[in-house]
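Here is the file target.txt (compact mmCIF, C-alpha atoms).
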```txt
# COMPACT_ATOMS: atom_id res chain seq x y z
CA MET K 1 0.00 0.00 0.00
CA ASP K 2 1.15 3.53 -0.80
CA PHE K 3 0.83 4.94 2.75
CA PHE K 4 4.16 6.73 2.55
CA THR K 5 3.58 8.76 -0.60
CA ALA K 6 2.88 12.47 -0.25
CA GLY K 7 -0.65 12.03 -1.61
CA ALA K 8 -1.53 9.24 0.82
CA LEU K 9 -0.12 11.08 3.85
CA THR K 10 -2.01 14.25 2.90
CA ALA K 11 -5.21 12.24 2.48
CA LEU K 12 -4.65 10.52 5.85
CA LEU K 13 -4.26 13.86 7.65
CA GLN K 14 -7.46 15.11 6.02
CA VAL K 15 -9.31 11.93 7.02
CA ILE K 16 -8.13 12.21 10.66
CA ALA K 17 -9.33 15.84 10.79
CA ILE K 18 -12.72 14.83 9.37
CA ASP K 19 -13.02 11.95 11.86
CA LEU K 20 -12.25 14.18 14.85
CA VAL K 21 -15.16 16.42 13.89
CA LEU K 22 -17.77 13.98 12.57
CA ALA K 23 -17.15 11.13 15.03
CA GLY K 24 -17.78 13.62 17.83
CA ASP K 25 -21.12 14.61 16.29
CA ASN K 26 -22.17 10.97 16.02
CA ALA K 27 -21.14 10.39 19.63
CA VAL K 28 -23.35 13.31 20.72
CA VAL K 29 -26.38 11.69 19.07
CA ILE K 30 -25.68 8.31 20.69
CA GLY K 31 -24.93 9.85 24.08
CA LEU K 32 -28.02 12.07 23.98
CA ALA K 33 -30.33 9.20 23.04
CA ALA K 34 -28.80 6.81 25.59
CA ALA K 35 -28.95 9.36 28.42
CA GLY K 36 -32.71 8.87 28.69
CA LEU K 37 -32.29 5.23 29.70
CA GLU K 38 -31.65 3.65 33.06
CA ALA K 39 -27.98 3.00 33.75
CA SER K 40 -28.39 -0.75 33.17
CA GLN K 41 -29.64 -0.18 29.61
CA ARG K 42 -27.47 2.81 28.71
CA HIS K 43 -24.35 0.79 27.88
CA LYS K 44 -26.41 -1.61 25.75
CA ALA K 45 -27.83 1.33 23.73
CA ILE K 46 -24.35 2.77 23.21
CA ILE K 47 -23.09 -0.64 22.01
CA VAL K 48 -26.08 -0.90 19.62
CA GLY K 49 -25.27 2.57 18.30
CA ILE K 50 -21.60 1.82 17.74
CA LEU K 51 -22.34 -1.55 16.10
CA ALA K 52 -24.97 0.03 13.83
CA ALA K 53 -22.57 2.83 12.87
CA THR K 54 -19.82 0.27 12.19
CA VAL K 55 -22.02 -1.84 9.91
CA LEU K 56 -23.37 1.23 8.10
CA ARG K 57 -19.90 2.69 7.58
CA ILE K 58 -18.63 -0.60 6.14
CA LEU K 59 -21.65 -0.87 3.82
CA PHE K 60 -21.42 2.75 2.70
CA ALA K 61 -17.64 2.56 2.29
CA SER K 62 -17.97 -0.49 0.04
CA VAL K 63 -20.07 1.56 -2.39
CA ALA K 64 -18.54 4.97 -1.62
CA VAL K 65 -17.63 5.69 -5.24
CA TYR K 66 -21.27 5.19 -6.27
CA LEU K 67 -22.61 7.18 -3.30
CA LEU K 68 -20.46 10.16 -4.28
CA ALA K 69 -22.22 10.16 -7.66
CA ILE K 70 -25.80 10.17 -6.25
CA VAL K 71 -27.18 13.69 -6.38
CA GLY K 72 -29.50 14.58 -3.48
CA LEU K 73 -28.35 11.83 -1.13
CA LEU K 74 -26.73 14.31 1.25
CA LEU K 75 -29.90 16.44 1.27
CA ALA K 76 -32.04 13.44 2.19
CA GLY K 77 -29.62 12.46 4.97
CA GLY K 78 -29.70 16.01 6.38
CA LEU K 79 -33.51 16.06 6.44
CA LEU K 80 -33.54 12.68 8.20
CA LEU K 81 -31.11 13.95 10.84
CA LEU K 82 -33.19 17.13 11.28
CA TRP K 83 -36.20 14.93 12.09
CA VAL K 84 -34.16 13.07 14.73
CA CYS K 85 -33.11 16.43 16.20
CA TRP K 86 -36.75 17.54 16.45
CA LYS K 87 -37.77 14.28 18.19
CA MET K 88 -34.93 14.66 20.71
CA TRP K 89 -35.88 18.32 21.36
CA ARG K 90 -39.46 17.27 22.20
CA GLU K 91 -38.19 14.61 24.60
CA ILE K 92 -35.80 17.00 26.35
CA ARG K 93 -38.54 19.65 26.67
CA ALA K 94 -40.86 17.06 28.20
CA GLY K 95 -38.16 15.91 30.61
CA HIS K 96 -37.26 19.47 31.65
CA GLY K 97 -40.85 20.49 32.17
CA GLY K 98 -40.87 19.30 35.76
CA ASP K 99 -42.72 16.02 35.16
CA HIS K 100 -40.85 13.49 37.32
CA ASP K 101 -42.72 10.62 35.65
CA ALA K 102 -41.13 11.68 32.35
CA THR K 103 -37.57 11.44 33.66
CA ASN K 104 -35.37 8.69 35.00
CA ALA K 105 -33.70 8.69 38.40
CA GLU K 106 -30.82 10.82 37.10
CA GLY K 107 -33.05 13.53 35.60
CA ALA K 108 -32.73 12.74 31.88
CA PRO K 109 -35.91 12.39 29.77
CA LYS K 110 -37.16 8.83 30.22
CA LYS K 111 -37.55 6.59 27.18
CA THR K 112 -37.64 2.91 26.31
CA PHE K 113 -34.66 0.98 24.98
CA PHE K 114 -36.47 0.58 21.65
CA GLN K 115 -37.04 4.35 21.35
CA ALA K 116 -33.38 5.10 22.09
CA ALA K 117 -32.11 2.39 19.71
CA THR K 118 -34.43 3.60 16.91
CA GLN K 119 -33.22 7.20 17.27
CA ILE K 120 -29.59 6.09 17.29
CA VAL K 121 -29.91 3.88 14.19
CA ILE K 122 -31.82 6.53 12.18
CA ALA K 123 -29.24 9.17 13.10
CA ASP K 124 -26.44 6.70 12.32
CA VAL K 125 -27.79 6.31 8.77
CA SER K 126 -27.49 10.07 8.19
CA MET K 127 -24.23 10.66 10.02
CA SER K 128 -22.50 7.51 8.75
CA LEU K 129 -23.42 8.59 5.24
CA ASP K 130 -21.95 12.06 5.85
CA ASN K 131 -18.81 10.58 7.41
CA VAL K 132 -18.18 8.07 4.63
CA LEU K 133 -18.82 10.63 1.87
CA ALA K 134 -16.41 13.07 3.52
CA VAL K 135 -13.74 10.45 4.18
CA ALA K 136 -14.11 8.90 0.73
CA GLY K 137 -13.76 12.33 -0.84
CA ALA K 138 -10.56 12.96 1.11
CA ALA K 139 -9.11 9.45 0.65
CA ARG K 140 -9.78 9.54 -3.11
CA GLU K 141 -7.76 6.74 -4.75
CA HIS K 142 -6.23 5.50 -1.46
CA PRO K 143 -8.47 2.62 -0.21
CA GLY K 144 -6.09 1.86 2.68
CA VAL K 145 -6.52 5.39 3.99
CA LEU K 146 -10.31 4.97 3.76
CA VAL K 147 -10.16 1.81 5.91
CA ILE K 148 -7.95 3.50 8.53
CA GLY K 149 -10.27 6.50 8.59
CA LEU K 150 -13.37 4.38 9.20
CA GLY K 151 -11.67 2.41 11.97
CA LEU K 152 -10.52 5.59 13.67
CA SER K 153 -13.99 7.16 13.52
CA ILE K 154 -15.56 4.11 15.20
CA ALA K 155 -12.95 4.09 18.00
CA LEU K 156 -13.37 7.82 18.66
CA MET K 157 -17.15 7.49 18.66
CA GLY K 158 -17.15 4.67 21.21
CA ILE K 159 -14.93 6.58 23.64
CA ALA K 160 -16.81 9.86 23.29
CA ALA K 161 -20.36 8.42 23.48
CA ASN K 162 -19.80 6.93 26.96
CA LEU K 163 -18.32 10.19 28.23
CA ILE K 164 -21.13 12.31 26.75
CA ALA K 165 -23.88 10.07 28.18
CA ARG K 166 -22.38 10.43 31.69
CA LEU K 167 -22.02 14.21 31.36
CA LEU K 168 -25.61 14.58 30.14
CA ASN K 169 -26.91 12.85 33.24
CA GLN K 170 -24.84 15.07 35.54
CA HIS K 171 -25.48 18.38 33.73
CA ARG K 172 -28.86 18.50 31.99
CA TRP K 173 -28.15 21.79 30.18
CA ILE K 174 -25.51 20.00 28.08
CA ALA K 175 -28.40 18.27 26.26
CA TYR K 176 -29.29 21.58 24.60
CA VAL K 177 -25.67 22.09 23.53
CA GLY K 178 -25.75 18.60 22.02
CA LEU K 179 -28.97 19.43 20.18
CA LEU K 180 -27.40 22.58 18.71
CA ILE K 181 -24.48 20.49 17.43
CA ILE K 182 -26.85 17.97 15.80
CA LEU K 183 -28.95 20.83 14.36
CA TYR K 184 -25.84 22.44 12.88
CA VAL K 185 -24.72 19.16 11.28
CA SER K 186 -28.18 18.52 9.80
CA LEU K 187 -28.49 22.07 8.40
CA ASP K 188 -24.96 21.85 6.98
CA MET K 189 -25.83 18.58 5.24
CA ILE K 190 -29.08 20.11 3.90
CA HIS K 191 -27.21 23.18 2.62
CA ARG K 192 -24.50 21.15 0.88
CA GLY K 193 -27.12 18.79 -0.53
CA ALA K 194 -29.26 21.68 -1.79
CA VAL K 195 -26.25 23.30 -3.49
CA GLU K 196 -25.63 19.95 -5.18
CA VAL K 197 -29.25 19.55 -6.30
CA LEU K 198 -30.06 23.11 -7.44
CA PRO K 199 -28.20 22.98 -10.79
CA TYR K 200 -30.33 19.97 -11.78
CA MET K 201 -33.57 21.85 -10.98
CA GLN K 202 -32.84 24.78 -13.29
```
Spit out the file's structure as structure tokens when you get a sec.
Amino acid sequence: MDFFTAGALTALLQVIAIDLVLAGDNAVVIGLAAAGLEASQRHKAIIVGILAATVLRILFASVAVYLLAIVGLLLAGGLLLLWVCWKMWREIRAGHGGDHDATNAEGAPKKTFFQAATQIVIADVSMSLDNVLAVAGAAREHPGVLVIGLGLSIALMGIAANLIARLLNQHRWIAYVGLLIILYVSLDMIHRGAVEVLPYMQ
């Protein structure tokens, strides 16, 4: 493999930078969704989220060249993530409204394991798509760099998701910061997708 060429090293640095940003966003979604569960189920939800993201990244990476050619895919992913953001905002508002029946023992909005897992998987579809498209664009003709980038993003996400879930249960206001991050990512995806689609609508 040509890891030591100037092109491959440049691509690897770009991929690492992308992973540091996008893996953190994905971890926020997983941590925010898992925070509404009891402690015994929280780790299971985080594992489900990481496994789902891993499978999705592998699937998307295997057809990355074709995904890059699909116009409007990024726009659809952004709209899907925006819907997840709206659902999470409603849950947080309900949990912060003073209804103790709507929160768990640690103060986070209460939800079932199925609700948390569904939110995580739907968000993973959008954010894994964004991650793979960004990494594939940076890696270009260096498949080895693409593999390293995907592995790194999964490792970073697993570490960060556990930390974020614990912080959310200790400091409830962080949930709103997390929502703003997810909102920004979704709007950025929608904007980039719209810019991509507009020329075909004229």
Of the residues K:Val145, K:Leu51, K:Ala76, K:Leu82, which is the one nearest to Val185 in chain K, using all atoms listed in the file?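 The closest residue to Val185 in chain K is K:Leu82.
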Could you work out how far CA of Arg42 in chain K lies from CA of Ala116 in chain K, giving the answer in Å with one decimal?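 Here the two named atoms are 9.2 Å from each other.
Closest approach to Ala117 in chain K from the set K:Ser153, K:Thr10, K:Gln41, K:Thr54 is made by K:Gln41, with distances taken over all atoms listed in the file.
From CA of Leu56 in chain K back to CA of Glu38 in chain K, the distance works out to 26.4 Å.
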Close residues, Ala155 in chain K itself excluded, 10 Å, only C-alpha atoms, min 3 positions apart in chain, as a ChimeraX atom specification: /K:19,23,50,54,150-152,158-160
Any idea what the distance is between CA of Thr118 in chain K and CA of Arg192 in chain K?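 CA of Arg192 in chain K lies 25.8 Å from CA of Thr118 in chain K.
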Residues within 10 Å of Trp89 in chain K, all atoms listed in the file, excluding chain neighbours under 6 positions, as a PDB file with C-alpha atoms, in the frame of the given file:
```pdb
ATOM      1  CA  TRP K  83     -36.200  14.930  12.090  1.00  0.00           C
ATOM      2  CA  GLY K  95     -38.160  15.910  30.610  1.00  0.00           C
ATOM      3  CA  ALA K 175     -28.400  18.270  26.260  1.00  0.00           C
ATOM      4  CA  TYR K 176     -29.290  21.580  24.600  1.00  0.00           C
ATOM      5  CA  LEU K 179     -28.970  19.430  20.180  1.00  0.00           C
ATOM      6  CA  LEU K 180     -27.400  22.580  18.710  1.00  0.00           C
TER       7      LEU K 180
END
```
Which of K:Leu146, K:Ile58, K:Ile70, K:Leu75 sits closest to His191 in chain K [using only C-alpha atoms]: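 Smallest separation from His191 in chain K among the options: K:Leu75.
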For each of K:Leu12, K:Val197, K:Leu187, K:Ala61, take the minimum atom-to-atom distance to Leu73 in chain K, counting only C-alpha atoms, then give the residue where this is smallest.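 Looking only at the distances to Leu73 in chain K, the closest residue turns out to be K:Val197.
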Distance criterion (all atoms listed in the file): nearest to Ile181 in chain K out of K:Leu74, K:Ala11, K:Cys85, K:Ala64: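 Nearest to Ile181 in chain K: K:Cys85.
Close contacts of Val125 in chain K, defined as residues with an atom at most 8 Å away when counting only C-alpha atoms, with chain neighbours fewer than 3 positions off set aside, comprise K:Ala53, K:Leu56, K:Gly77, K:Val121, K:Ile122, K:Ser128, K:Leu129.
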Enclose the full set of atoms of range 40-44 of chain K listed in the file within a box whose edges lie along x, y and z, apply 3 Å of padding to each of the six sides, and report centre and edge lengths in Å to one decimal as lines of an AutoDock Vina configuration file.
```
center_x = -27.0
center_y = 0.6
center_z = 29.5
size_x = 11.3
size_y = 10.4
size_z = 13.4
```
Which residues are near Ala161 in chain K? Cut-off 7 Å, only C-alpha atoms, ignore same chain within fewer than 6 positions. Put them as a list of chain:residue names.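 So the residues in contact are K:Ala27, K:Val28, K:Ile30, K:Gly31, K:Ile46.
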With only C-alpha atoms as the basis for distance, which of K:Arg166, K:His171, K:His43, K:Lys87 is at the shortest distance from Gln115 in chain K?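 The closest residue to Gln115 in chain K is K:Lys87.
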Export: range 36-69 of chain K, N, CA and C atoms, as a short mmCIF file (atom, residue, chain, number, x, y, z; two decimals), in the first residue's frame:
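Written output follows (selection.cif):
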```cif
data_model
loop_
_atom_site.label_atom_id
_atom_site.label_comp_id
_atom_site.auth_asym_id
_atom_site.auth_seq_id
_atom_site.Cartn_x
_atom_site.Cartn_y
_atom_site.Cartn_z
N GLY K 36 -31.36 9.01 28.18
CA GLY K 36 -32.71 8.87 28.69
C GLY K 36 -33.02 7.49 29.24
N LEU K 37 -32.08 6.59 29.21
CA LEU K 37 -32.29 5.23 29.70
C LEU K 37 -31.74 5.05 31.10
N GLU K 38 -32.23 4.02 31.78
CA GLU K 38 -31.65 3.65 33.06
C GLU K 38 -30.21 3.19 32.83
N ALA K 39 -29.40 3.30 33.88
CA ALA K 39 -27.98 3.00 33.75
C ALA K 39 -27.73 1.59 33.21
N SER K 40 -28.59 0.64 33.59
CA SER K 40 -28.39 -0.75 33.17
C SER K 40 -28.57 -0.93 31.66
N GLN K 41 -29.38 -0.06 31.04
CA GLN K 41 -29.64 -0.18 29.61
C GLN K 41 -28.79 0.77 28.78
N ARG K 42 -28.20 1.77 29.43
CA ARG K 42 -27.47 2.81 28.71
C ARG K 42 -26.30 2.24 27.92
N HIS K 43 -25.52 1.36 28.56
CA HIS K 43 -24.35 0.79 27.88
C HIS K 43 -24.77 -0.08 26.70
N LYS K 44 -25.92 -0.78 26.85
CA LYS K 44 -26.41 -1.61 25.75
C LYS K 44 -26.78 -0.73 24.56
N ALA K 45 -27.43 0.42 24.81
CA ALA K 45 -27.83 1.33 23.73
C ALA K 45 -26.60 1.90 23.03
N ILE K 46 -25.58 2.24 23.79
CA ILE K 46 -24.35 2.77 23.21
C ILE K 46 -23.68 1.71 22.33
N ILE K 47 -23.67 0.45 22.80
CA ILE K 47 -23.09 -0.64 22.01
C ILE K 47 -23.87 -0.83 20.71
N VAL K 48 -25.24 -0.78 20.82
CA VAL K 48 -26.08 -0.90 19.62
C VAL K 48 -25.74 0.21 18.64
N GLY K 49 -25.60 1.43 19.15
CA GLY K 49 -25.27 2.57 18.30
C GLY K 49 -23.94 2.42 17.60
N ILE K 50 -22.94 1.98 18.32
CA ILE K 50 -21.60 1.82 17.74
C ILE K 50 -21.59 0.69 16.71
N LEU K 51 -22.27 -0.43 17.04
CA LEU K 51 -22.34 -1.55 16.10
C LEU K 51 -23.07 -1.15 14.82
N ALA K 52 -24.20 -0.41 14.99
CA ALA K 52 -24.97 0.03 13.83
C ALA K 52 -24.13 0.97 12.96
N ALA K 53 -23.42 1.89 13.61
CA ALA K 53 -22.57 2.83 12.87
C ALA K 53 -21.45 2.09 12.15
N THR K 54 -20.90 1.07 12.80
CA THR K 54 -19.82 0.27 12.19
C THR K 54 -20.31 -0.43 10.93
N VAL K 55 -21.46 -1.11 11.05
CA VAL K 55 -22.02 -1.84 9.91
C VAL K 55 -22.36 -0.87 8.77
N LEU K 56 -22.98 0.25 9.11
CA LEU K 56 -23.37 1.23 8.10
C LEU K 56 -22.15 1.82 7.41
N ARG K 57 -21.11 2.12 8.17
CA ARG K 57 -19.90 2.69 7.58
C ARG K 57 -19.23 1.70 6.63
N ILE K 58 -19.22 0.42 7.01
CA ILE K 58 -18.63 -0.60 6.14
C ILE K 58 -19.45 -0.73 4.85
N LEU K 59 -20.79 -0.75 4.99
CA LEU K 59 -21.65 -0.87 3.82
C LEU K 59 -21.50 0.34 2.90
N PHE K 60 -21.54 1.54 3.50
CA PHE K 60 -21.42 2.75 2.70
C PHE K 60 -20.04 2.86 2.06
N ALA K 61 -19.00 2.47 2.82
CA ALA K 61 -17.64 2.56 2.29
C ALA K 61 -17.45 1.63 1.10
N SER K 62 -18.12 0.47 1.13
CA SER K 62 -17.97 -0.49 0.04
C SER K 62 -18.56 0.02 -1.27
N VAL K 63 -19.48 0.99 -1.17
CA VAL K 63 -20.07 1.56 -2.39
C VAL K 63 -19.86 3.08 -2.42
N ALA K 64 -18.78 3.53 -1.76
CA ALA K 64 -18.54 4.97 -1.62
C ALA K 64 -18.44 5.69 -2.96
N VAL K 65 -17.79 5.06 -3.92
CA VAL K 65 -17.63 5.69 -5.24
C VAL K 65 -18.99 5.96 -5.87
N TYR K 66 -19.93 5.02 -5.70
CA TYR K 66 -21.27 5.19 -6.27
C TYR K 66 -22.07 6.22 -5.47
N LEU K 67 -21.89 6.22 -4.14
CA LEU K 67 -22.61 7.18 -3.30
C LEU K 67 -22.22 8.61 -3.65
N LEU K 68 -20.94 8.82 -3.93
CA LEU K 68 -20.46 10.16 -4.28
C LEU K 68 -21.14 10.68 -5.55
N ALA K 69 -21.61 9.77 -6.38
CA ALA K 69 -22.22 10.16 -7.66
C ALA K 69 -23.73 10.38 -7.55
#
```
